[in-house]
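Presented below is the structure to which this report refers.
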Amino acid sequence: MAGRTSKLSDSQSGRGLDNPTVTFKRRTSSGRYVNLSRDSLDSEMNGVEFAEYTVHIPPTPDNQPMDLLRIEPAHIAQRVEEQYVSSSLFTGGFNSVTRAHLMDKVIESEANHPQMAGVKGSSCAVQGCDGKVMSDERGEDILPCECGFKICRDCFIDSAKTGDEICPGCKEPYQNTELLTNPVESIQPLPLPSTASMSKMERRLSLMKSANRSQIIRSQSGLSRSQTGVDFDHNRWLFETQGTYGYGNAIWPRDGDGSSNDKSDDGSGPSELLSKPWRPLTRKLKVPAAVISPYRLLIFVRMVVLGLFLVWRIRHPNQDARWLWLMSVICEIWFAFSWLLDQLPKLCPVNRATDLAVLKEKFEVPSPANSTGKSDLPGVDMFVSTADPEKEPPLVTANTILSILAADYPVEKLSCYVSDDGGALLTFEAMAEAASFANLWVPFCRKHDIEPRNPESYFGLKRDPLKNKVRPDFVKDRRRVKREYDEFKVRINGLPDSIRRRSDAYNAREEIKAMKHQRQHSEDEQYEPVEVSQATWMADGTHWPGTWTVSSSEHSKGDHAGIIQVMLKPPSDEPLYGTSESSSLDFSEVDIRLPLLVYVSREKRPGYDHNKKAGAMNALVRASAIMSNGPFILNLDCDHYIYNSKAIQEGMCFMMDRGGDRICYVQFPQRFEGIDLSDRYANHNTVFFDVNMRALDGLQGPVYVGTGCLFRRTALYGFDPPRTKEHSGWCGCCMPRQKKSSSTSSAPEERRALQMGDSEDNEMSSSLFSKRFGNSNFLLNSIPTAEFQGRPLADHPSVKNGRRPGALTIPRELLDASTVAEAISVISCWYEEKTEWGNRVGWIYGSVTEDVVTGYRMHNRGWKSIYCVTKRDAFRGTAPINLTDRLHQVLRWATGSVEIFFSRNNALLASSKMKVLQRIAYLNVGIYPFTSLFLIVYCFLPALSLFSGQFIVQSLNITFLIYLLVITMTLCILAMLEIKWSGINLEEWWRNEQFWLIGGTSAHLAAVLQGLLKVIAGIEISFTLTSKSAGDDADEDFADLYIIKWSSLMIPPITIMITNLIAIAVGVSRTIYSTIPQWSRLLGGVFFSFWVLAHLYPFAKGLMGRRGRTPTIVFVWSGLIAITISLLWVSISPPAGNTEIGGSFQFP
């Protein structure tokens, strides 16, 4: 078992000038490392039995034992290096050594895809070496000699260095000269342009990028060095030449379109493109005037009626029950204010549409600027977050990963990062199993155009799977893949037991070794019991560096090293087609490449605030910036998967369209599966996602809701958008925009592309960046590259701050050990100290609803967001259908809103860059939980009215009834119009109203109390993950729906229901047996009591549990208790002048 370790000091990770040296080590049985030299390796090999040896990986190929570039071409050398890196488990962190542990296997089953970590390969035939033979993209052996002698990379280098290029097998010189020449030396790197003609921003970025000349310079085409020893950086060249590198002057002149006016930033292009009609990627579809005009009119009519009603209520108090009148008026004033906050942002709803055909034509079709037809789309880094495999089943996470790997987006531009915040081996091996199964699942999806590309959902579809399928081998392929998936599920389900058995076996072996060692070195006949740590073991027989099943020091959920494992290495730039012989399925016409897949578990140590999900997301942002640096990031929860394989393309249409450089994120609606048909607890939340979010899209954009969101990386970095001060106004459609004069409006776009704050003279110095982003030069250098690659296509003169077509067709950089080691450094627990991560940069800390705060900060800086509703749902996930789980979910959201209200993220403190209606929408986000204080009082008012025999008004006169009728009718008509322009149905609207009252009287009230405790007393509130597992009765659909889990949140609604039921009985009895019945007061109280009970009906139904399983005696007892309490009340406080009930019956 060979291990390889990369130890990087601060200077070696981009923070100093010292270069590392290459050393070889072997690890003894005691765990001590013994240094070896390459010259002494052969002599040591004969005398020492190697259990393990560790190799220190240099951060650059230049620091290999000999100049590797003189032996083999750069692309082969780097791909072999990448193969080693992808098969190594990198660990490290604060005050610890960064190690790269080369793994023979990642899972028990055999890995057969050439991109996968731990893939089985041929062993080196050199005696005493157990290395793997060099391989190409298909995993086939690279044999430098015609005799077919198998040799690994290190032995090949040694043979070329010390053996005069003699093959160890046939003892003849190598005939394959391709590996012995260096064509790179004949390629002279292009000179960098002079800084004399650069803008101020360009000179700053050039200075920043060249501040540390000794660090490793990484490029898109690999690492090359000129004869003068100066490193050439593709990323720098790409940015500083606006992407003109690689294009002939005849097709794309460097100085614009060849005209006499030398304007490099005017967005002009070749005449071939300008002669074509320009087609936008997106369209804004406004709501028909026949619907939106009456809707807006009714909003203002209801506002006027509510104002007049409240004035009338204040002027006509109930003299008989002023306390009842006062409470009702206060509640009604707050309800009117709350309704106004909710309704005003709905004045400008819009719908949007995308054109994927235009996207393909612009970015993936051969053109004068892209003769090869390679994809010119920017890269996308997908984030999947999970924290606890017990509450978030690994099978669910694995299906989400498979849907991402099969997404319809250029493979070489897509990367997937999985954050395991629990550091569990179960999640790690489940990911590896998913990567192995993707070898079959992803080509199958591409071949037969499968939707959805989540295997669990696809094979669970109840529709005909043969619909629209024409290939004759589809049935055979589907049957085979279904069988493989069933076996895959069995392996995933058996992982916990497999890990336990394996760990028990290895721990028992260690105990036996320890006992033998004790007997050999102890003279006493009585031996003390041997204590061996109960470690968790990986499939290759080594300790898992993360959380152990039996927690131990440095191996618990809050105390473990950072871990990065490249499960699937970056794909090749060219398509790789399968063969009919390599698999039981014919993939000869299918690209079998898989996207980059990386497992990340950030370092955790006691005494550090790790900031929960927000901290995990920020760790992924930094790690992905170093490893792939996609200019766009799409984050998903582990239970949300890609339902529409073209969803990423849909979102990219907005980012790449004209004006897309000012869009910070594209939010997709959340859609859910596994919810009961009646949607008892409004889990679909369609009123929010289809009404409120569409309305916000007409302002400055929708709020960020935590998942299914495509981010612009530079917006997450805290930069201001281009042309920040260009426009201002109330909203985006119904109010006129007013231009605001600014001295920066005529400045070059590059000057304002990466700017923080309002000052245009904000210096982009390296020291300033380090204070904000940390001291990783790799991370700092990736920022301008990500900004440039995220720009829209400058294919029209009206496109501002664009990039040239074809600028992103160059290959992606290859991974090396120094890159992954630097990624380990930036996910350490100390990296964020004294930086602005979590304050201005990345996901924002300090709230349990970090998603809303993060989106608010972006809008507050002037960014816009887009709401993308696709014809086919973009993403689908699961939601808690159990009443208690649903209430706790709402409690967490409401608590976060209370925290926002009492923080500097309150919309009342928003900047002038945020539009007024957008500010009102965010204000409502922070205020809505406080409505529960008034709502719970109002729900008790009908009962108090029935108990006291009074009402909120003196009498039910005609004025009150007219006001009540008009207010109710306008509300109903507004609801019908919302249904009309949003597409929801009436039942969904009514379910939302019901759960608004259920949540308002339970979770929202508790959230206000918890928020006040945190603000006043400083008491932190902790929340647990919502369980994604099924109920105990897994064989029945919606089993969780009928499970009753008692919670204190149920007390207020239960109290309201019982009180109103008793009050109705008391009121009816009082009225019937009173001398002068007050029927108007009874009808008013009973009407409002039934209004309360109708809203609480789903809650009452949830308390009953499974239909047919609740004993009938429970309902009988409930009725008897209610009747008894009612009769007791009447007997205690009988109607005036009458103490008898039912004629002759009299209470004693």
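Convention: chains lettered A, B, ... in structure tokens order; per-chain residue numbering from 1; ligands numbered from 1 as shown.
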Could you name the residues that touch Val291 (chain A) at 12 Å or less, counting only C-alpha atoms, but leaving out those on the same chain fewer than 4 positions away, as a PyMOL selection string?
-> chain A and resi 286-287+295-298+347-349+973-982
Do a neighbour search on Gly93 (chain A) at 7 Å with only C-alpha atoms, toss out local chain neighbours closer than 6 positions, and write the hits as a compact mmCIF listing (two decimals) with C-alpha atoms, in the first residue's frame.
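In the end it all went to out-v1.txt:
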```
# COMPACT_ATOMS: atom_id res chain seq x y z
CA ALA A 561 -8.94 17.46 9.69
CA GLY A 562 -9.91 18.94 6.37
CA GLU A 603 -11.55 21.21 8.95
CA ILE A 824 -6.85 22.13 1.76
CA SER A 825 -5.33 25.31 3.15
CA SER A 828 -8.95 25.11 7.30
```
Point-to-point distance from CA of Arg991 (chain A) to CA of Ala682 (chain A), Å rounded to tenths =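 One can read the CA of Arg991 (chain A) to CA of Ala682 (chain A) distance as 5.5 Å.
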Pick from A:Ala100, A:Met914, A:Val937, A:Cys147 nearest to Arg861 (chain A), counting only C-alpha atoms | A:Met914
In terms of the shortest atom-to-atom distance over only C-alpha atoms, which of A:Ser436, A:Thr809, A:Ser533, A:Thr282 is closest to Cys653 (chain A)?
-> A:Thr282
Closest atom pairs, residues of region 296-358 of chain A within 9 Å of region 646-652 of chain A, only C-alpha atoms, as a tab-separated table:
```
residue	atom	partner	partner_atom	distance
A:Ala353	CA	A:Glu650	CA	8.9
A:Thr354	CA	A:Glu650	CA	6.4
A:Asp355	CA	A:Glu650	CA	8.0
A:Leu356	CA	A:Glu650	CA	6.9
```
Take the residues just selected and output them with N, CA, C and O atoms as a short mmCIF file (atom, residue, chain, number, x, y, z; two decimals), in the first residue's frame.
```cif
data_model
loop_
_atom_site.label_atom_id
_atom_site.label_comp_id
_atom_site.auth_asym_id
_atom_site.auth_seq_id
_atom_site.Cartn_x
_atom_site.Cartn_y
_atom_site.Cartn_z
N ALA A 353 -39.12 34.24 -20.36
CA ALA A 353 -38.93 33.07 -21.21
C ALA A 353 -37.52 33.09 -21.76
O ALA A 353 -36.92 34.15 -21.96
N THR A 354 -36.98 31.91 -21.99
CA THR A 354 -35.62 31.78 -22.52
C THR A 354 -35.67 31.10 -23.89
O THR A 354 -36.67 30.45 -24.25
N ASP A 355 -34.61 31.26 -24.64
CA ASP A 355 -34.50 30.66 -25.97
C ASP A 355 -33.21 29.84 -26.01
O ASP A 355 -32.12 30.36 -26.23
N LEU A 356 -33.33 28.53 -25.75
CA LEU A 356 -32.15 27.67 -25.72
C LEU A 356 -31.54 27.49 -27.10
O LEU A 356 -30.35 27.22 -27.22
#
```
7 Å contact set for Cys709 (chain A), only C-alpha atoms, chain neighbours under 5 positions out, as a PyMOL selection string = chain A and resi 634-635+665-668
Taking the chain letters and numbering used in this document, name the residues of region 493-713 of chain A that DSSP puts in alpha helix (DSSP H), as a PyMOL selection string.
-> chain A and resi 493+495-521+612-627+647-656+686-687+693-697+713
Going by DSSP on the backbone, which bits of region 732-917 of chain A are strand (DSSP E)? Write them as a list in words, please.
->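 Reading the DSSP output for region 732-917 of chain A, strand (DSSP E) covers Gln738, Lys739, Lys864, Ser865, Ile866, Tyr867, Phe875, Arg876, Gly877 and Thr878 of chain A.
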Nearest residue to Val600 (chain A) from the set A:Tyr1042, A:Phe428, A:Tyr681, A:Phe1087 (distances using only C-alpha atoms) =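 The answer is A:Phe428, which sits nearest to Val600 (chain A).
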